[in-house]
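Below is run_29.tsv, which holds TSV, N, CA and C atoms.
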```tsv
chain	number	residue	atom	x	y	z
A	738	MET	N	120.66	108.17	108.66
A	738	MET	CA	120.85	106.86	109.22
A	738	MET	C	119.49	106.16	109.34
A	739	ILE	N	119.48	104.88	109.06
A	739	ILE	CA	118.26	104.08	109.14
A	739	ILE	C	118.38	103.11	110.31
A	740	ILE	N	117.36	103.09	111.13
A	740	ILE	CA	117.28	102.14	112.23
A	740	ILE	C	116.77	100.82	111.67
A	741	HIS	N	117.49	99.75	111.89
A	741	HIS	CA	117.03	98.42	111.49
A	741	HIS	C	116.41	97.77	112.71
A	742	SER	N	115.17	97.31	112.57
A	742	SER	CA	114.45	96.78	113.71
A	742	SER	C	113.74	95.49	113.35
A	743	THR	N	113.68	94.59	114.32
A	743	THR	CA	112.83	93.42	114.19
A	743	THR	C	111.48	93.77	114.81
A	744	SER	N	110.54	92.91	114.61
A	744	SER	CA	109.23	93.12	115.21
A	744	SER	C	109.34	93.20	116.74
A	745	ALA	N	110.16	92.35	117.32
A	745	ALA	CA	110.32	92.32	118.77
A	745	ALA	C	110.99	93.60	119.30
A	746	GLU	N	111.90	94.18	118.52
A	746	GLU	CA	112.61	95.38	118.94
A	746	GLU	C	111.83	96.66	118.65
A	747	PHE	N	110.76	96.55	117.88
A	747	PHE	CA	110.01	97.71	117.42
A	747	PHE	C	109.61	98.67	118.54
A	748	PRO	N	109.05	98.18	119.66
A	748	PRO	CA	108.67	99.13	120.71
A	748	PRO	C	109.84	99.93	121.26
A	749	SER	N	110.97	99.30	121.49
A	749	SER	CA	112.09	100.01	122.09
A	749	SER	C	112.87	100.85	121.09
A	750	LYS	N	113.00	100.39	119.87
A	750	LYS	CA	113.79	101.12	118.88
A	750	LYS	C	113.01	102.21	118.15
A	751	VAL	N	111.71	102.00	117.96
A	751	VAL	CA	110.94	102.95	117.16
A	751	VAL	C	109.93	103.72	117.98
A	752	LEU	N	109.09	103.03	118.71
A	752	LEU	CA	108.01	103.72	119.42
A	752	LEU	C	108.52	104.65	120.51
A	753	LYS	N	109.68	104.36	121.07
A	753	LYS	CA	110.23	105.21	122.13
A	753	LYS	C	111.16	106.30	121.60
A	754	SER	N	111.34	106.36	120.29
A	754	SER	CA	112.21	107.40	119.74
A	754	SER	C	111.51	108.75	119.79
A	755	LYS	N	112.28	109.79	119.91
A	755	LYS	CA	111.75	111.15	120.00
A	755	LYS	C	111.44	111.70	118.60
A	756	GLY	N	110.43	112.52	118.51
A	756	GLY	CA	110.08	113.17	117.25
A	756	GLY	C	109.45	112.20	116.27
A	757	GLU	N	109.53	112.56	114.99
A	757	GLU	CA	108.93	111.75	113.94
A	757	GLU	C	109.89	110.68	113.45
A	758	THR	N	109.32	109.51	113.18
A	758	THR	CA	110.08	108.41	112.58
A	758	THR	C	109.25	107.83	111.45
A	759	ALA	N	109.83	107.78	110.26
A	759	ALA	CA	109.18	107.14	109.11
A	759	ALA	C	109.63	105.69	109.10
A	760	VAL	N	108.67	104.77	109.20
A	760	VAL	CA	108.97	103.35	109.28
A	760	VAL	C	108.51	102.65	108.00
A	761	LEU	N	109.46	101.98	107.38
A	761	LEU	CA	109.15	101.16	106.22
A	761	LEU	C	108.89	99.74	106.72
A	762	PHE	N	107.65	99.29	106.55
A	762	PHE	CA	107.30	97.90	106.81
A	762	PHE	C	107.37	97.18	105.47
A	763	TYR	N	108.14	96.11	105.41
A	763	TYR	CA	108.31	95.41	104.15
A	763	TYR	C	108.44	93.91	104.38
A	764	ASP	N	108.32	93.16	103.30
A	764	ASP	CA	108.46	91.71	103.33
A	764	ASP	C	109.69	91.35	102.52
A	765	ALA	N	110.71	90.83	103.17
A	765	ALA	CA	111.98	90.53	102.50
A	765	ALA	C	111.85	89.47	101.42
A	766	SER	N	110.76	88.73	101.40
A	766	SER	CA	110.56	87.72	100.36
A	766	SER	C	109.71	88.23	99.20
A	767	ASP	N	109.28	89.49	99.27
A	767	ASP	CA	108.43	90.08	98.24
A	767	ASP	C	109.24	91.02	97.35
A	768	PRO	N	109.31	90.73	96.04
A	768	PRO	CA	110.11	91.59	95.15
A	768	PRO	C	109.70	93.06	95.17
A	769	LYS	N	108.40	93.36	95.31
A	769	LYS	CA	107.96	94.76	95.36
A	769	LYS	C	108.58	95.48	96.55
A	770	SER	N	108.61	94.80	97.68
A	770	SER	CA	109.19	95.39	98.88
A	770	SER	C	110.70	95.57	98.73
A	771	VAL	N	111.35	94.54	98.24
A	771	VAL	CA	112.81	94.59	98.07
A	771	VAL	C	113.20	95.68	97.08
A	772	ASN	N	112.43	95.84	96.02
A	772	ASN	CA	112.73	96.88	95.02
A	772	ASN	C	112.54	98.29	95.57
A	773	PHE	N	111.71	98.44	96.61
A	773	PHE	CA	111.48	99.76	97.19
A	773	PHE	C	112.58	100.14	98.20
A	774	LEU	N	113.30	99.17	98.72
A	774	LEU	CA	114.34	99.45	99.73
A	774	LEU	C	115.34	100.52	99.29
A	775	PRO	N	115.90	100.47	98.07
A	775	PRO	CA	116.85	101.52	97.67
A	775	PRO	C	116.22	102.92	97.63
A	776	VAL	N	114.95	103.00	97.28
A	776	VAL	CA	114.25	104.29	97.27
A	776	VAL	C	114.19	104.83	98.69
A	777	PHE	N	113.81	103.97	99.62
A	777	PHE	CA	113.71	104.38	101.03
A	777	PHE	C	115.09	104.76	101.58
A	778	LYS	N	116.08	103.94	101.30
A	778	LYS	CA	117.44	104.22	101.78
A	778	LYS	C	117.99	105.51	101.20
A	779	GLY	N	117.59	105.84	99.97
A	779	GLY	CA	118.03	107.07	99.33
A	779	GLY	C	117.55	108.32	100.05
A	780	GLN	N	116.48	108.20	100.83
A	780	GLN	CA	115.95	109.34	101.58
A	780	GLN	C	116.73	109.61	102.86
A	781	ALA	N	117.54	108.66	103.29
A	781	ALA	CA	118.23	108.78	104.58
A	781	ALA	C	119.08	110.05	104.67
A	782	ALA	N	119.78	110.37	103.61
A	782	ALA	CA	120.66	111.54	103.64
A	782	ALA	C	119.88	112.85	103.53
A	783	ARG	N	118.70	112.79	102.93
A	783	ARG	CA	117.93	114.02	102.68
A	783	ARG	C	116.81	114.27	103.69
A	784	SER	N	116.49	113.28	104.49
A	784	SER	CA	115.31	113.38	105.34
A	784	SER	C	115.60	114.09	106.66
A	785	MET	N	114.61	114.83	107.12
A	785	MET	CA	114.70	115.52	108.41
A	785	MET	C	114.07	114.68	109.53
A	786	VAL	N	113.48	113.54	109.18
A	786	VAL	CA	112.88	112.66	110.18
A	786	VAL	C	113.76	111.43	110.34
A	787	ASN	N	113.60	110.74	111.45
A	787	ASN	CA	114.27	109.46	111.64
A	787	ASN	C	113.68	108.45	110.67
A	788	LEU	N	114.48	107.52	110.21
A	788	LEU	CA	113.99	106.46	109.33
A	788	LEU	C	114.27	105.11	109.96
A	789	ALA	N	113.32	104.20	109.81
A	789	ALA	CA	113.49	102.84	110.32
A	789	ALA	C	112.89	101.87	109.33
A	790	GLN	N	113.41	100.66	109.31
A	790	GLN	CA	112.83	99.62	108.46
A	790	GLN	C	112.62	98.36	109.27
A	791	VAL	N	111.47	97.71	109.02
A	791	VAL	CA	111.09	96.51	109.75
A	791	VAL	C	110.62	95.48	108.74
A	792	SER	N	111.30	94.35	108.70
A	792	SER	CA	110.90	93.24	107.83
A	792	SER	C	109.86	92.41	108.56
A	793	LEU	N	108.74	92.14	107.89
A	793	LEU	CA	107.64	91.40	108.49
A	793	LEU	C	107.38	90.10	107.76
A	794	GLY	N	107.08	89.05	108.51
A	794	GLY	CA	106.63	87.80	107.93
A	794	GLY	C	105.12	87.85	107.74
A	795	GLN	N	104.58	86.83	107.11
A	795	GLN	CA	103.14	86.80	106.82
A	795	GLN	C	102.28	86.85	108.08
A	796	GLN	N	102.72	86.26	109.16
A	796	GLN	CA	101.91	86.18	110.38
A	796	GLN	C	102.39	87.13	111.47
A	797	ASP	N	103.16	88.12	111.12
A	797	ASP	CA	103.71	89.03	112.11
A	797	ASP	C	102.60	89.83	112.79
A	798	PRO	N	102.61	89.93	114.12
A	798	PRO	CA	101.56	90.67	114.83
A	798	PRO	C	101.51	92.16	114.50
A	799	LEU	N	102.62	92.75	114.03
A	799	LEU	CA	102.58	94.17	113.65
A	799	LEU	C	101.69	94.39	112.43
A	800	ARG	N	101.54	93.38	111.59
A	800	ARG	CA	100.63	93.50	110.44
A	800	ARG	C	99.21	93.79	110.91
A	801	THR	N	98.78	93.07	111.93
A	801	THR	CA	97.43	93.26	112.46
A	801	THR	C	97.34	94.56	113.26
A	802	ARG	N	98.33	94.80	114.09
A	802	ARG	CA	98.29	95.98	114.97
A	802	ARG	C	98.17	97.27	114.16
A	803	TYR	N	98.88	97.36	113.03
A	803	TYR	CA	98.86	98.58	112.23
A	803	TYR	C	98.11	98.42	110.91
A	804	ASN	N	97.33	97.35	110.79
A	804	ASN	CA	96.49	97.11	109.61
A	804	ASN	C	97.30	97.20	108.32
A	805	LEU	N	98.39	96.45	108.29
A	805	LEU	CA	99.30	96.47	107.14
A	805	LEU	C	98.88	95.38	106.15
A	806	LYS	N	98.11	95.76	105.16
A	806	LYS	CA	97.59	94.78	104.20
A	806	LYS	C	98.50	94.64	102.98
A	807	ASN	N	98.96	95.76	102.46
A	807	ASN	CA	99.81	95.74	101.27
A	807	ASN	C	101.17	96.31	101.62
A	808	LEU	N	102.20	95.55	101.34
A	808	LEU	CA	103.57	95.99	101.60
A	808	LEU	C	104.27	96.25	100.28
A	809	PRO	N	105.18	97.19	100.23
A	809	PRO	CA	105.71	97.99	101.33
A	809	PRO	C	104.73	99.09	101.75
A	810	THR	N	104.75	99.41	103.03
A	810	THR	CA	103.96	100.51	103.59
A	810	THR	C	104.89	101.35	104.46
A	811	VAL	N	104.76	102.66	104.35
A	811	VAL	CA	105.53	103.57	105.20
A	811	VAL	C	104.54	104.28	106.13
A	812	VAL	N	104.84	104.21	107.43
A	812	VAL	CA	104.01	104.84	108.44
A	812	VAL	C	104.86	105.85	109.20
A	813	ILE	N	104.34	107.05	109.38
A	813	ILE	CA	105.02	108.08	110.16
A	813	ILE	C	104.52	107.98	111.60
A	814	PHE	N	105.45	107.73	112.51
A	814	PHE	CA	105.13	107.69	113.94
A	814	PHE	C	105.69	108.95	114.57
A	815	GLU	N	104.94	109.49	115.52
A	815	GLU	CA	105.42	110.62	116.28
A	815	GLU	C	105.17	110.33	117.75
A	816	ASN	N	106.24	110.29	118.52
A	816	ASN	CA	106.17	110.00	119.95
A	816	ASN	C	105.35	108.75	120.24
A	817	GLY	N	105.58	107.70	119.42
A	817	GLY	CA	104.95	106.41	119.65
A	817	GLY	C	103.60	106.19	119.02
A	818	HIS	N	103.07	107.18	118.32
A	818	HIS	CA	101.74	107.06	117.72
A	818	HIS	C	101.81	107.19	116.20
A	819	ALA	N	101.07	106.32	115.49
A	819	ALA	CA	101.00	106.40	114.04
A	819	ALA	C	100.21	107.65	113.65
A	820	LYS	N	100.81	108.51	112.82
A	820	LYS	CA	100.18	109.77	112.44
A	820	LYS	C	99.65	109.77	111.00
A	821	ARG	N	100.43	109.24	110.10
A	821	ARG	CA	100.01	109.18	108.70
A	821	ARG	C	100.75	108.03	108.03
A	822	ARG	N	100.26	107.65	106.84
A	822	ARG	CA	100.85	106.48	106.18
A	822	ARG	C	100.63	106.54	104.68
A	823	LYS	N	101.42	105.75	104.00
A	823	LYS	CA	101.26	105.58	102.55
A	823	LYS	C	101.48	104.11	102.26
A	824	GLU	N	100.54	103.53	101.58
A	824	GLU	CA	100.63	102.13	101.20
A	824	GLU	C	100.16	101.97	99.76
A	825	PRO	N	100.55	100.88	99.11
A	825	PRO	CA	100.08	100.65	97.75
A	825	PRO	C	98.55	100.53	97.73
A	826	VAL	N	97.95	101.06	96.69
A	826	VAL	CA	96.49	101.02	96.57
A	826	VAL	C	96.03	99.61	96.25
A	827	GLU	N	96.73	98.95	95.36
A	827	GLU	CA	96.39	97.60	94.93
A	827	GLU	C	97.40	96.61	95.49
A	828	PRO	N	96.97	95.37	95.74
A	828	PRO	CA	97.90	94.36	96.28
A	828	PRO	C	99.14	94.12	95.42
A	829	ASN	N	99.05	94.26	94.12
A	829	ASN	CA	100.19	93.99	93.24
A	829	ASN	C	100.97	95.24	92.86
A	830	SER	N	100.66	96.38	93.47
A	830	SER	CA	101.38	97.60	93.16
A	830	SER	C	102.39	97.89	94.27
A	831	THR	N	103.15	98.95	94.09
A	831	THR	CA	104.16	99.32	95.09
A	831	THR	C	104.15	100.82	95.27
A	832	LEU	N	105.02	101.31	96.12
A	832	LEU	CA	105.17	102.74	96.32
A	832	LEU	C	106.23	103.28	95.39
A	833	SER	N	106.16	104.58	95.13
A	833	SER	CA	107.16	105.24	94.29
A	833	SER	C	107.95	106.23	95.13
A	834	GLU	N	109.00	106.74	94.54
A	834	GLU	CA	109.79	107.78	95.22
A	834	GLU	C	108.93	109.01	95.47
A	835	ARG	N	108.06	109.33	94.52
A	835	ARG	CA	107.16	110.47	94.67
A	835	ARG	C	106.21	110.27	95.85
A	836	ASP	N	105.70	109.04	96.02
A	836	ASP	CA	104.82	108.74	97.17
A	836	ASP	C	105.57	109.01	98.48
A	837	LEU	N	106.80	108.54	98.54
A	837	LEU	CA	107.59	108.70	99.77
A	837	LEU	C	107.89	110.17	100.03
A	838	GLN	N	108.27	110.90	99.02
A	838	GLN	CA	108.58	112.31	99.19
A	838	GLN	C	107.37	113.09	99.68
A	839	ALA	N	106.20	112.78	99.12
A	839	ALA	CA	104.96	113.47	99.55
A	839	ALA	C	104.65	113.16	101.01
A	840	LEU	N	104.87	111.96	101.43
A	840	LEU	CA	104.60	111.56	102.81
A	840	LEU	C	105.55	112.26	103.78
A	841	LEU	N	106.80	112.41	103.39
A	841	LEU	CA	107.82	112.99	104.27
A	841	LEU	C	107.79	114.51	104.35
A	842	ARG	N	106.96	115.16	103.57
A	842	ARG	CA	106.85	116.63	103.62
A	842	ARG	C	106.10	117.09	104.83
```

Would you encode the structure as structure tokens?
Amino acid sequence: MIIHSTSAEFPSKVLKSKGETAVLFYDASDPKSVNFLPVFKGQAARSMVNLAQVSLGQQDPLRTRYNLKNLPTVVIFENGHAKRRKEPVEPNSTLSERDLQALLR
């Protein structure tokens, strides 16, 4: 199951969740982000961690708080703290299924 969260709901839905949560930060207007959604959703049935997705606008404060420069970015939170992350190396690149699988191990 994937938790759908807005930026405003992020503290209550994601940061207060128990254990590890892999959060996909994406931009719904960006084709790279939209194309990665099915890859992320495909992990829901196989993943042992909670999954959440948060759509961000260009000026969203979560971009600054978590230094989200290139989207899509997946950040693993544990008990409210960012532990590890995977983001595209270049602004015009995206994540792959292999990137996500390596992060979730």

| Expressed in Å to a single decimal, how great is the separation between atom C of A:Met738 and atom C of A:Glu827? |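 Calculated distance between atom C of A:Met738 and atom C of A:Glu827 is 27.8 Å.
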
| remark: In terms of all atoms listed in the file, the residue from A:Ser770, A:Ile739, A:Asn829, A:Gln838 at minimal distance from A:Ala782 is A:Ile739

May I have the centre and edge lengths, in Å to one decimal, of an axis-aligned box around the listed atoms of stretch 768-786 of chain A with 3 Å added to every side, as AutoDock Vina command-line options?
```
--center_x 114.3 --center_y 103.1 --center_z 102.7 --size_x 18.7 --size_y 30.8 --size_z 21.3
```

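Looking only at stretch 749-819 of chain A, the set that DSSP places in helix (DSSP H, G or I) from backbone geometry is Ser749, Lys750, Val751, Leu752, Pro768, Lys769, Ser770, Val771, Asn772, Phe773, Leu774, Pro775, Val776, Phe777, Lys778, Gly779, Pro798, Leu799, Arg800, Thr801 and Arg802 of chain A.
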
| request: Determine the nearest neighbour of A:Leu799 from the options A:Asp767, A:Asp836, A:Glu746, A:Glu824, counting only C-alpha atoms. | output: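 Counting only C-alpha atoms, the residue closest to A:Leu799 is A:Glu746.
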